[in-house]
file coords.pdb (PDB, C-alpha atoms and all ligand atoms)
ATOM      1  CA  MET Z   1      99.501 109.338  80.029
ATOM      2  CA  SER Z   2     100.640 108.040  76.661
ATOM      3  CA  LEU Z   3     102.189 104.602  76.707
ATOM      4  CA  PRO Z   4     105.655 103.730  75.416
ATOM      5  CA  PRO Z   5     105.659 101.434  72.388
ATOM      6  CA  VAL Z   6     105.644  97.683  72.940
ATOM      7  CA  THR Z   7     109.033  96.051  73.383
ATOM      8  CA  PRO Z   8     111.219  95.774  70.251
ATOM      9  CA  ASP Z   9     110.845  92.011  70.421
ATOM     10  CA  SER Z  10     107.081  92.034  70.214
ATOM     11  CA  ARG Z  11     107.130  94.887  67.675
ATOM     12  CA  ASP Z  12     109.013  92.561  65.377
ATOM     13  CA  HIS Z  13     106.040  90.214  65.223
ATOM     14  CA  PRO Z  14     102.514  90.917  64.096
ATOM     15  CA  PRO Z  15     100.163  91.241  67.088
ATOM     16  CA  LEU Z  16      98.729  87.792  66.498
ATOM     17  CA  PRO Z  17     101.442  85.657  64.868
ATOM     18  CA  PRO Z  18     100.288  82.803  62.651
ATOM     19  CA  VAL Z  19      99.755  79.859  64.946
ATOM     20  CA  ARG Z  20      98.719  76.265  64.739
ATOM     21  CA  VAL Z  21      96.326  74.954  67.341
ATOM     22  CA  GLU Z  22      96.945  71.783  69.295
ATOM     23  CA  ARG Z  23      95.660  69.974  72.342
ATOM     24  CA  ARG Z  24      98.599  68.690  74.349
ATOM     25  CA  ALA Z  25     100.095  68.616  77.839
ATOM     26  CA  VAL Z  26     101.815  71.840  78.914
ATOM     27  CA  ASP Z  27     103.296  72.458  82.364
ATOM     28  CA  GLU Z  28     103.215  75.584  84.518
ATOM     29  CA  ALA Z  29     106.578  76.978  83.364
ATOM     30  CA  GLU Z  30     105.661  76.651  79.702
ATOM     31  CA  SER Z  31     102.172  78.101  80.290
ATOM     32  CA  ARG Z  32     103.622  81.137  82.016
ATOM     33  CA  ALA Z  33     106.408  81.613  79.472
ATOM     34  CA  ALA Z  34     103.770  81.632  76.709
ATOM     35  CA  ASN Z  35     100.958  83.594  78.323
ATOM     36  CA  GLY Z  36     102.961  86.513  79.749
ATOM     37  CA  PRO Z  37     104.377  87.584  76.355
ATOM     38  CA  ASP Z  38     101.069  86.741  74.656
ATOM     39  CA  TRP Z  39      99.213  89.186  76.901
ATOM     40  CA  ASP Z  40     101.998  91.739  76.373
ATOM     41  CA  ARG Z  41     101.460  91.481  72.604
ATOM     42  CA  TYR Z  42      97.676  91.457  72.875
ATOM     43  CA  ALA Z  43      97.176  94.106  75.585
ATOM     44  CA  ASP Z  44      96.936  97.196  73.332
ATOM     45  CA  ASP Z  45      94.363  95.549  71.089
ATOM     46  CA  TYR Z  46      92.478  94.043  74.068
ATOM     47  CA  GLN Z  47      92.123  97.409  75.801
ATOM     48  CA  ALA Z  48      91.219  99.215  72.563
ATOM     49  CA  THR Z  49      88.548  96.621  71.765
ATOM     50  CA  HIS Z  50      87.063  95.946  75.209
ATOM     51  CA  GLY Z  51      88.084  98.942  77.331
ATOM     52  CA  GLU Z  52      84.878 100.888  76.770
ATOM     53  CA  PHE Z  53      82.702  97.866  77.577
ATOM     54  CA  LEU Z  54      84.712  97.150  80.745
ATOM     55  CA  GLY Z  55      84.669 100.802  81.871
ATOM     56  CA  ASP Z  56      87.802 102.423  83.308
ATOM     57  CA  ASP Z  57      86.458 101.876  86.814
ATOM     58  CA  GLY Z  58      83.827  99.271  86.027
ATOM     59  CA  PHE Z  59      83.479  95.736  87.366
ATOM     60  CA  VAL Z  60      82.172  93.345  84.717
ATOM     61  CA  TRP Z  61      82.356  89.582  85.336
ATOM     62  CA  GLY Z  62      82.305  88.569  81.664
ATOM     63  CA  PRO Z  63      81.089  89.118  78.096
ATOM     64  CA  GLU Z  64      77.412  88.923  79.141
ATOM     65  CA  GLY Z  65      77.979  92.223  80.959
ATOM     66  CA  LEU Z  66      77.015  91.021  84.445
ATOM     67  CA  THR Z  67      78.353  93.664  86.823
ATOM     68  CA  GLU Z  68      79.416  93.187  90.426
ATOM     69  CA  GLU Z  69      76.973  95.976  91.229
ATOM     70  CA  ALA Z  70      74.172  93.640  90.087
ATOM     71  CA  ALA Z  71      75.694  90.325  91.211
ATOM     72  CA  GLY Z  72      76.990  91.323  94.655
ATOM     73  CA  ILE Z  73      78.971  88.081  94.754
ATOM     74  CA  LEU Z  74      82.070  89.627  96.311
ATOM     75  CA  GLY Z  75      80.170  91.160  99.209
ATOM     76  CA  ASP Z  76      80.712  94.567 100.759
ATOM     77  CA  VAL Z  77      84.221  95.785  99.910
ATOM     78  CA  ARG Z  78      84.230  98.964 102.004
ATOM     79  CA  ASP Z  79      87.305  99.102 104.294
ATOM     80  CA  ARG Z  80      88.372  95.651 103.062
ATOM     81  CA  ASP Z  81      91.741  94.554 101.704
ATOM     82  CA  VAL Z  82      90.917  93.123  98.282
ATOM     83  CA  LEU Z  83      93.308  91.431  95.822
ATOM     84  CA  GLU Z  84      92.513  90.989  92.126
ATOM     85  CA  VAL Z  85      94.442  88.150  90.481
ATOM     86  CA  GLY Z  86      94.904  88.627  86.725
ATOM     87  CA  SER Z  87      93.884  92.270  87.039
ATOM     88  CA  GLY Z  88      94.722  93.438  83.499
ATOM     89  CA  ALA Z  89      94.221  97.203  83.392
ATOM     90  CA  GLY Z  90      92.738  97.113  86.903
ATOM     91  CA  GLN Z  91      89.217  98.217  85.975
ATOM     92  CA  CYS Z  92      87.580  95.980  88.609
ATOM     93  CA  SER Z  93      90.026  96.965  91.343
ATOM     94  CA  ARG Z  94      89.386 100.609  90.495
ATOM     95  CA  TRP Z  95      85.670  99.922  91.041
ATOM     96  CA  VAL Z  96      86.548  98.361  94.422
ATOM     97  CA  ARG Z  97      88.598 101.452  95.315
ATOM     98  CA  SER Z  98      85.822 103.803  94.255
ATOM     99  CA  ARG Z  99      83.565 101.919  96.714
ATOM    100  CA  GLY Z 100      85.919 102.407  99.655
ATOM    101  CA  GLY Z 101      87.852  99.119  99.446
ATOM    102  CA  ARG Z 102      91.625  98.812  99.414
ATOM    103  CA  GLY Z 103      91.794  97.158  95.989
ATOM    104  CA  MET Z 104      95.095  95.935  94.648
ATOM    105  CA  GLY Z 105      96.006  94.340  91.314
ATOM    106  CA  LEU Z 106      98.318  91.523  90.269
ATOM    107  CA  ASP Z 107      99.055  90.462  86.710
ATOM    108  CA  LEU Z 108     101.607  88.501  84.726
ATOM    109  CA  SER Z 109     101.683  90.964  81.830
ATOM    110  CA  HIS Z 110     103.835  94.071  82.011
ATOM    111  CA  ARG Z 111     101.867  95.658  79.161
ATOM    112  CA  GLN Z 112      98.522  95.095  80.861
ATOM    113  CA  LEU Z 113      99.944  96.783  83.959
ATOM    114  CA  GLN Z 114     101.108  99.723  81.854
ATOM    115  CA  HIS Z 115      97.487 100.116  80.776
ATOM    116  CA  SER Z 116      96.520 100.020  84.433
ATOM    117  CA  ARG Z 117      98.900 102.948  85.084
ATOM    118  CA  ARG Z 118      97.376 104.806  82.137
ATOM    119  CA  LEU Z 119      93.893 104.404  83.639
ATOM    120  CA  ASP Z 120      95.180 105.356  87.106
ATOM    121  CA  GLU Z 121      96.148 108.717  85.683
ATOM    122  CA  ALA Z 122      93.078 109.123  83.492
ATOM    123  CA  THR Z 123      90.630 108.407  86.320
ATOM    124  CA  GLY Z 124      92.535 109.728  89.335
ATOM    125  CA  VAL Z 125      91.836 106.394  91.051
ATOM    126  CA  PRO Z 126      95.195 104.601  91.290
ATOM    127  CA  VAL Z 127      95.308 100.858  91.799
ATOM    128  CA  PRO Z 128      98.539  99.647  93.433
ATOM    129  CA  SER Z 129      99.608  96.736  91.271
ATOM    130  CA  VAL Z 130     102.331  94.136  91.120
ATOM    131  CA  ARG Z 131     103.679  91.956  88.346
ATOM    132  CA  ALA Z 132     103.602  88.356  89.531
ATOM    133  CA  THR Z 133     101.931  85.038  88.853
ATOM    134  CA  ALA Z 134      98.857  83.526  90.414
ATOM    135  CA  THR Z 135     100.741  80.429  91.534
ATOM    136  CA  ALA Z 136     103.205  82.399  93.734
ATOM    137  CA  LEU Z 137     101.457  85.395  95.288
ATOM    138  CA  PRO Z 138     104.009  87.821  96.766
ATOM    139  CA  PHE Z 139     102.057  88.505  99.959
ATOM    140  CA  ARG Z 140     102.156  87.340 103.552
ATOM    141  CA  ASP Z 141      99.657  84.831 104.894
ATOM    142  CA  GLY Z 142      96.310  86.378 105.837
ATOM    143  CA  SER Z 143      96.815  89.692 104.013
ATOM    144  CA  PHE Z 144      93.372  90.034 102.398
ATOM    145  CA  ASP Z 145      89.671  89.939 103.244
ATOM    146  CA  ALA Z 146      88.723  89.048  99.673
ATOM    147  CA  VAL Z 147      90.414  87.799  96.508
ATOM    148  CA  PHE Z 148      88.787  87.833  93.101
ATOM    149  CA  SER Z 149      89.535  87.216  89.452
ATOM    150  CA  ALA Z 150      87.348  88.251  86.508
ATOM    151  CA  PHE Z 151      88.490  85.935  83.718
ATOM    152  CA  GLY Z 152      91.956  86.477  85.170
ATOM    153  CA  ALA Z 153      94.673  83.966  85.710
ATOM    154  CA  LEU Z 154      92.828  80.816  86.748
ATOM    155  CA  GLN Z 155      92.221  79.295  83.347
ATOM    156  CA  PHE Z 156      95.734  80.192  82.240
ATOM    157  CA  VAL Z 157      97.648  78.279  84.917
ATOM    158  CA  ALA Z 158      98.608  74.617  84.720
ATOM    159  CA  ASP Z 159      98.998  74.303  88.494
ATOM    160  CA  LEU Z 160      95.487  75.261  89.539
ATOM    161  CA  ASP Z 161      95.960  73.498  92.859
ATOM    162  CA  ASP Z 162      98.884  75.834  93.653
ATOM    163  CA  ALA Z 163      96.905  78.910  92.588
ATOM    164  CA  VAL Z 164      93.924  78.052  94.818
ATOM    165  CA  ALA Z 165      96.273  77.135  97.689
ATOM    166  CA  GLU Z 166      97.869  80.572  97.310
ATOM    167  CA  VAL Z 167      94.486  82.309  97.440
ATOM    168  CA  ALA Z 168      93.618  80.369 100.620
ATOM    169  CA  ARG Z 169      96.980  81.282 102.138
ATOM    170  CA  VAL Z 170      96.736  85.052 101.544
ATOM    171  CA  LEU Z 171      93.100  85.239 102.699
ATOM    172  CA  ARG Z 172      92.173  85.826 106.307
ATOM    173  CA  PRO Z 173      90.016  83.123 107.939
ATOM    174  CA  GLY Z 174      86.454  83.428 106.628
ATOM    175  CA  GLY Z 175      87.682  85.441 103.626
ATOM    176  CA  ARG Z 176      85.797  85.631 100.345
ATOM    177  CA  PHE Z 177      86.961  84.253  96.988
ATOM    178  CA  ALA Z 178      85.017  84.992  93.790
ATOM    179  CA  PHE Z 179      86.052  84.378  90.214
ATOM    180  CA  SER Z 180      84.740  84.027  86.686
ATOM    181  CA  ILE Z 181      85.917  81.578  84.053
ATOM    182  CA  THR Z 182      84.782  80.250  80.718
ATOM    183  CA  HIS Z 183      81.856  77.964  81.575
ATOM    184  CA  PRO Z 184      83.336  74.442  81.574
ATOM    185  CA  THR Z 185      80.581  73.138  79.272
ATOM    186  CA  ARG Z 186      81.848  75.522  76.554
ATOM    187  CA  TRP Z 187      84.822  73.197  76.072
ATOM    188  CA  MET Z 188      82.510  70.768  74.283
ATOM    189  CA  PHE Z 189      82.012  73.282  71.451
ATOM    190  CA  PRO Z 190      84.230  75.012  68.866
ATOM    191  CA  ASP Z 191      85.161  78.531  70.031
ATOM    192  CA  ASP Z 192      83.006  80.104  67.329
ATOM    193  CA  PRO Z 193      80.399  82.814  68.004
ATOM    194  CA  GLY Z 194      78.261  81.641  65.081
ATOM    195  CA  PRO Z 195      76.030  78.588  64.603
ATOM    196  CA  GLU Z 196      79.080  76.305  64.361
ATOM    197  CA  GLY Z 197      79.731  77.102  68.009
ATOM    198  CA  LEU Z 198      76.446  75.385  68.870
ATOM    199  CA  VAL Z 199      77.476  71.920  67.730
ATOM    200  CA  ALA Z 200      79.039  69.797  70.479
ATOM    201  CA  SER Z 201      82.068  68.052  69.057
ATOM    202  CA  GLN Z 202      84.684  67.866  71.813
ATOM    203  CA  ASP Z 203      85.092  65.641  74.847
ATOM    204  CA  TYR Z 204      84.026  67.501  78.026
ATOM    205  CA  TRP Z 205      86.209  65.233  80.167
ATOM    206  CA  ASP Z 206      89.365  65.769  78.102
ATOM    207  CA  ARG Z 207      91.516  68.127  80.226
ATOM    208  CA  THR Z 208      94.312  68.343  77.654
ATOM    209  CA  PRO Z 209      95.131  72.062  77.367
ATOM    210  CA  TYR Z 210      94.333  74.210  74.331
ATOM    211  CA  VAL Z 211      97.700  75.264  72.911
ATOM    212  CA  GLU Z 212      98.718  77.701  70.181
ATOM    213  CA  VAL Z 213     102.156  77.179  68.665
ATOM    214  CA  ASP Z 214     103.902  80.016  66.844
ATOM    215  CA  GLU Z 215     104.398  78.674  63.304
ATOM    216  CA  ALA Z 216     107.573  80.700  62.822
ATOM    217  CA  THR Z 217     109.417  79.741  66.007
ATOM    218  CA  GLY Z 218     107.749  76.458  66.989
ATOM    219  CA  ARG Z 219     107.328  77.862  70.504
ATOM    220  CA  VAL Z 220     104.131  77.590  72.506
ATOM    221  CA  SER Z 221     102.616  81.076  72.311
ATOM    222  CA  TYR Z 222      99.323  80.700  74.252
ATOM    223  CA  VAL Z 223      97.748  78.139  76.570
ATOM    224  CA  GLU Z 224      94.349  77.668  78.224
ATOM    225  CA  HIS Z 225      93.578  74.935  80.705
ATOM    226  CA  HIS Z 226      90.241  73.205  81.042
ATOM    227  CA  ARG Z 227      88.649  71.778  84.179
ATOM    228  CA  THR Z 228      85.233  70.242  84.562
ATOM    229  CA  LEU Z 229      82.708  71.644  87.028
ATOM    230  CA  GLY Z 230      83.530  68.713  89.311
ATOM    231  CA  ASP Z 231      87.229  69.598  89.173
ATOM    232  CA  TRP Z 232      86.453  73.140  90.344
ATOM    233  CA  VAL Z 233      84.323  71.921  93.231
ATOM    234  CA  ALA Z 234      87.041  69.474  94.286
ATOM    235  CA  VAL Z 235      89.915  71.975  94.192
ATOM    236  CA  LEU Z 236      87.949  74.616  96.103
ATOM    237  CA  ALA Z 237      86.707  72.182  98.749
ATOM    238  CA  GLY Z 238      90.209  70.715  98.995
ATOM    239  CA  HIS Z 239      91.581  74.081 100.112
ATOM    240  CA  GLY Z 240      88.905  74.823 102.700
ATOM    241  CA  PHE Z 241      86.435  76.816 100.604
ATOM    242  CA  ARG Z 242      82.656  76.466 100.961
ATOM    243  CA  ILE Z 243      80.962  77.279  97.663
ATOM    244  CA  THR Z 244      77.998  79.590  98.182
ATOM    245  CA  ASP Z 245      77.301  80.703  94.609
ATOM    246  CA  LEU Z 246      77.649  79.497  91.064
ATOM    247  CA  LEU Z 247      76.221  82.148  88.738
ATOM    248  CA  GLU Z 248      75.645  81.325  85.084
ATOM    249  CA  PRO Z 249      74.756  84.738  83.633
ATOM    250  CA  GLN Z 250      72.033  84.688  80.993
ATOM    251  CA  TRP Z 251      72.556  86.584  77.774
ATOM    252  CA  PRO Z 252      70.695  89.891  78.232
ATOM    253  CA  GLU Z 253      67.890  90.883  75.869
ATOM    254  CA  GLY Z 254      69.188  93.249  73.179
ATOM    255  CA  HIS Z 255      72.869  92.619  73.982
ATOM    256  CA  GLU Z 256      74.465  91.999  70.588
ATOM    257  CA  ARG Z 257      78.136  92.421  71.416
ATOM    258  CA  VAL Z 258      80.417  89.618  70.187
ATOM    259  CA  TRP Z 259      83.514  88.869  72.284
ATOM    260  CA  GLY Z 260      85.619  86.037  70.887
ATOM    261  CA  GLY Z 261      83.411  82.955  71.072
ATOM    262  CA  TRP Z 262      80.731  84.731  73.154
ATOM    263  CA  SER Z 263      77.687  85.960  71.236
ATOM    264  CA  GLY Z 264      73.926  86.191  71.475
ATOM    265  CA  THR Z 265      73.635  83.256  69.074
ATOM    266  CA  ARG Z 266      75.285  80.983  71.632
ATOM    267  CA  GLY Z 267      74.511  82.878  74.829
ATOM    268  CA  ARG Z 268      70.742  82.698  74.369
ATOM    269  CA  ILE Z 269      70.955  78.892  74.396
ATOM    270  CA  GLY Z 270      73.484  78.087  77.066
ATOM    271  CA  PRO Z 271      75.950  79.626  79.525
ATOM    272  CA  GLY Z 272      79.336  80.974  78.406
ATOM    273  CA  THR Z 273      80.540  82.131  81.811
ATOM    274  CA  ALA Z 274      80.613  80.620  85.303
ATOM    275  CA  VAL Z 275      81.052  82.879  88.331
ATOM    276  CA  PHE Z 276      81.932  81.084  91.573
ATOM    277  CA  GLY Z 277      81.617  82.613  95.026
ATOM    278  CA  CYS Z 278      83.029  80.885  98.094
ATOM    279  CA  ASP Z 279      84.053  81.456 101.686
ATOM    280  CA  LEU Z 280      87.237  80.214 103.297
ATOM    281  CA  ASP Z 281      86.741  78.278 106.526
ATOM    282  CA  ALA Z 282      86.734  80.651 109.497
TER     283      ALA Z 282
HETATM  284  C1  LIG A 301      91.064  88.067  80.016
HETATM  285  S1  LIG A 301      92.226  89.072  80.885
HETATM  286  C2  LIG A 301      91.214  89.613  82.195
HETATM  287  C3  LIG A 301      91.722  90.870  82.821
HETATM  288  C4  LIG A 301      90.652  91.704  83.505
HETATM  289  N1  LIG A 301      90.037  90.997  84.584
HETATM  290  C5  LIG A 301      89.637  92.113  82.461
HETATM  291  O1  LIG A 301      88.463  91.746  82.610
HETATM  292  O2  LIG A 301      90.026  92.790  81.531
HETATM  293  C6  LIG A 301      93.272  87.850  81.663
HETATM  294  C7  LIG A 301      94.438  88.450  82.450
HETATM  295  O3  LIG A 301      95.075  87.397  83.194
HETATM  296  C8  LIG A 301      96.478  87.631  83.168
HETATM  297  N2  LIG A 301      97.187  86.382  83.468
HETATM  298  C9  LIG A 301      97.359  85.293  82.672
HETATM  299  N3  LIG A 301      98.055  84.350  83.311
HETATM  300  C10 LIG A 301      98.345  84.843  84.542
HETATM  301  C11 LIG A 301      99.055  84.329  85.673
HETATM  302  N4  LIG A 301      99.611  83.125  85.652
HETATM  303  N5  LIG A 301      99.157  85.099  86.792
HETATM  304  C12 LIG A 301      98.594  86.343  86.803
HETATM  305  N6  LIG A 301      97.919  86.880  85.762
HETATM  306  C13 LIG A 301      97.794  86.141  84.643
HETATM  307  C14 LIG A 301      96.736  88.180  81.771
HETATM  308  O4  LIG A 301      97.962  88.857  81.683
HETATM  309  C15 LIG A 301      95.515  89.069  81.555
HETATM  310  O5  LIG A 301      95.756  90.394  81.958
END

call {"tool": "encode", "arguments": {"input": "coords.pdb", "output": "structure tokens"}}
result
Amino acid sequence: MSLPPVTPDSRDHPPLPPVRVERRAVDEAESRAANGPDWDRYADDYQATHGEFLGDDGFVWGPEGLTEEAAGILGDVRDRDVLEVGSGAGQCSRWVRSRGGRGMGLDLSHRQLQHSRRLDEATGVPVPSVRATATALPFRDGSFDAVFSAFGALQFVADLDDAVAEVARVLRPGGRFAFSITHPTRWMFPDDPGPEGLVASQDYWDRTPYVEVDEATGRVSYVEHHRTLGDWVAVLAGHGFRITDLLEPQWPEGHERVWGGWSGTRGRIGPGTAVFGCDLDA
């Protein structure tokens, strides 16, 4: 399936418009209004750059290349109802489906979901997907046995408490929740894959979001939200989750791929990714 061109609006702008970077408070509405269109603009480039590494029906937790096959943090997915939040082109959910699970995707970006349709047709493994946001999941209570997110929505939402509450609501009692995020300690360093990214210069406890502002329009065009490790423990415990795993994948020998701020130079010294696994109270 060939994809239609991006919307006229985003075609009018270069894929990555000139931005200035700030740290400042941004609420949920502004985060969503920025990040949806940002992922629409970025999706073609993202899939062209990372699609092969991710695999059309592969499940990779992050730039280190840790696979769910190796990690087993989600548990057995066969005959399970499994929701992926921030599913992008649905590669991970396609892996779940190819292992006998009823995987389903959810993403904020229309363009990412168009790529998911493209891969549905290319692989013959369709992933039913919905466009929605992590803070308002369009499902009934207790619809899923497992929910996961591989660098999906969680670090893009301002209202993390709402997002985790939603996961708890749509899970069945005893359900599994697993997700990967940028390792919180990375926020102490510049997002640079080279040696400059090894020099701690930023306050770990400063939760002020990272914000990109479109120089031309003055509008917020991208937002990421930071939480400390303690914040993650508190929000999960606060919604009835018992944390069973916190994986900090090591940089594999011979792996020289650079992905944004992730590289061997940094990854051989400290973790770039955190993968949490937890169980909802039964
Ligand atoms: C880094 S990509 C990860 C996608 C996929 N897991 C992968 O590995 O390619 C992050 C995804 O989260 C989605 N996203 C961002 N904010 C979201 C939100 N509030 N609700 C749902 N999805 C969101 C983006 O559209 C994007 O597809």

call {"tool": "residues_near_ligand", "arguments": {"input": "coords.pdb", "ligand": "ligand LIG 301 (chain A)", "cutoff": "8 Å", "atoms": "all atoms listed in the file", "output": "number ranges by chain"}}
result
Z: 31-32, 35-36, 38-40, 43, 46-47, 50-51, 54, 59-62, 84-92, 106-110, 112-113, 131-135, 149-157

call {"tool": "resolve_selection", "arguments": {"input": "coords.pdb", "expression": "the PyMOL selection byres (((chain Z and resi 100) around 9) and not hetatm)", "output": "list in words"}}
result
Val77, Arg78, Asp79, Arg80, Trp95, Val96, Arg97, Ser98, Arg99, Gly101, Arg102 and Gly103 of chain Z

call {"tool": "atom_distance", "arguments": {"input": "coords.pdb", "atom1": "CA of Arg24 in chain Z", "atom2": "CA of Val235 in chain Z"}}
result
21.9 Å

call {"tool": "axis_aligned_box", "arguments": {"input": "coords.pdb", "around": "range 219-232 of chain Z", "padding_each_side": "3 Å", "output": "AutoDock Vina command-line options"}}
result
--center_x 95.0 --center_y 74.9 --center_z 80.4 --size_x 30.6 --size_y 18.4 --size_z 25.8

call {"tool": "residues_near_point", "arguments": {"input": "coords.pdb", "point": "(94.5, 78.7, 93.4)", "cutoff": "9 Å", "atoms": "all atoms listed in the file", "output": "list in words"}}
result
Ala134, Thr135, Leu154, Asp159, Leu160, Asp161, Asp162, Ala163, Val164, Ala165, Glu166, Val167, Ala168, Val235, Leu236 and His239 of chain Z

call {"tool": "resolve_selection", "arguments": {"input": "coords.pdb", "expression": "the PyMOL selection byres (((chain Z and resi 200) around 7) and not hetatm)", "output": "list in words"}}
result
Met188, Phe189, Leu198, Val199, Ser201 and Gln202 of chain Z

call {"tool": "resolve_selection", "arguments": {"input": "coords.pdb", "expression": "the PyMOL selection byres (((chain Z and resi 219-225) around 6) and not hetatm)", "output": "PyMOL selection string"}}
result
chain Z and resi 31+34-35+155-156+209-214+217-218+226

call {"tool": "closest_residue", "arguments": {"input": "coords.pdb", "among": "Z:Ala48, Z:Leu66, Z:Ala25, Z:Val147", "to": "Leu83 in chain Z", "atoms": "only C-alpha atoms"}}
result
Z:Val147

call {"tool": "closest_residue", "arguments": {"input": "coords.pdb", "among": "Z:Arg117, Z:Ala216, Z:Gly55, Z:Pro193", "to": "Gly260 in chain Z", "atoms": "only C-alpha atoms"}}
result
Z:Pro193

call {"tool": "closest_residue", "arguments": {"input": "coords.pdb", "among": "Z:Pro37, Z:Gly238, Z:Gly105, Z:Gly175", "to": "Gly75 in chain Z", "atoms": "all atoms listed in the file"}}
result
Z:Gly175

call {"tool": "atom_distance", "arguments": {"input": "coords.pdb", "atom1": "CA of Asp245 in chain Z", "atom2": "CA of His183 in chain Z"}}
result
14.1 Å

call {"tool": "atom_distance", "arguments": {"input": "coords.pdb", "atom1": "CA of Trp251 in chain Z", "atom2": "CA of Thr67 in chain Z"}}
result
12.9 Å

call {"tool": "closest_residue", "arguments": {"input": "coords.pdb", "among": "Z:Val19, Z:Leu74, Z:Leu137, Z:Leu246", "to": "Leu229 in chain Z", "atoms": "all atoms listed in the file"}}
result
Z:Leu246

call {"tool": "residues_near_point", "arguments": {"input": "coords.pdb", "point": "(82.2, 89.2, 68.8)", "cutoff": "12 Å", "atoms": "only C-alpha atoms", "output": "PyMOL selection string"}}
result
chain Z and resi 49-50+63-64+191-194+255-267

call {"tool": "closest_residue", "arguments": {"input": "coords.pdb", "among": "Z:Arg242, Z:Arg94, Z:Arg111, Z:Arg227", "to": "Asp45 in chain Z", "atoms": "all atoms listed in the file"}}
result
Z:Arg111

call {"tool": "closest_residue", "arguments": {"input": "coords.pdb", "among": "Z:Phe241, Z:Val233, Z:Asp203, Z:Arg186", "to": "Pro271 in chain Z", "atoms": "all atoms listed in the file"}}
result
Z:Arg186

call {"tool": "decode", "arguments": {"input": "coords.pdb", "residues": "range 89-113 of chain Z", "atoms": "C-alpha atoms", "output": "PDB file, in the first residue's frame"}}
result
ATOM      1  CA  ALA Z  89       3.184   1.726  13.165  1.00  0.00           C
ATOM      2  CA  GLY Z  90       2.086  -1.172  15.386  1.00  0.00           C
ATOM      3  CA  GLN Z  91       5.245  -3.266  15.054  1.00  0.00           C
ATOM      4  CA  CYS Z  92       5.054  -4.532  18.657  1.00  0.00           C
ATOM      5  CA  SER Z  93       1.339  -5.300  18.465  1.00  0.00           C
ATOM      6  CA  ARG Z  94       1.978  -7.198  15.242  1.00  0.00           C
ATOM      7  CA  TRP Z  95       4.537  -9.285  17.159  1.00  0.00           C
ATOM      8  CA  VAL Z  96       1.879  -9.922  19.835  1.00  0.00           C
ATOM      9  CA  ARG Z  97      -0.586 -10.998  17.129  1.00  0.00           C
ATOM     10  CA  SER Z  98       1.955 -13.280  15.490  1.00  0.00           C
ATOM     11  CA  ARG Z  99       2.311 -14.996  18.898  1.00  0.00           C
ATOM     12  CA  GLY Z 100      -1.412 -15.663  19.244  1.00  0.00           C
ATOM     13  CA  GLY Z 101      -2.401 -12.588  21.281  1.00  0.00           C
ATOM     14  CA  ARG Z 102      -5.226 -10.221  20.417  1.00  0.00           C
ATOM     15  CA  GLY Z 103      -2.993  -7.158  20.057  1.00  0.00           C
ATOM     16  CA  MET Z 104      -4.525  -3.771  19.444  1.00  0.00           C
ATOM     17  CA  GLY Z 105      -2.922  -0.368  18.863  1.00  0.00           C
ATOM     18  CA  LEU Z 106      -3.718   3.162  19.995  1.00  0.00           C
ATOM     19  CA  ASP Z 107      -1.897   6.301  18.917  1.00  0.00           C
ATOM     20  CA  LEU Z 108      -2.368  10.051  18.816  1.00  0.00           C
ATOM     21  CA  SER Z 109      -0.842  10.447  15.355  1.00  0.00           C
ATOM     22  CA  HIS Z 110      -2.932   9.845  12.259  1.00  0.00           C
ATOM     23  CA  ARG Z 111       0.216   9.522  10.139  1.00  0.00           C
ATOM     24  CA  GLN Z 112       1.743   6.894  12.409  1.00  0.00           C
ATOM     25  CA  LEU Z 113      -1.498   4.924  12.115  1.00  0.00           C
TER      26      LEU Z 113
END
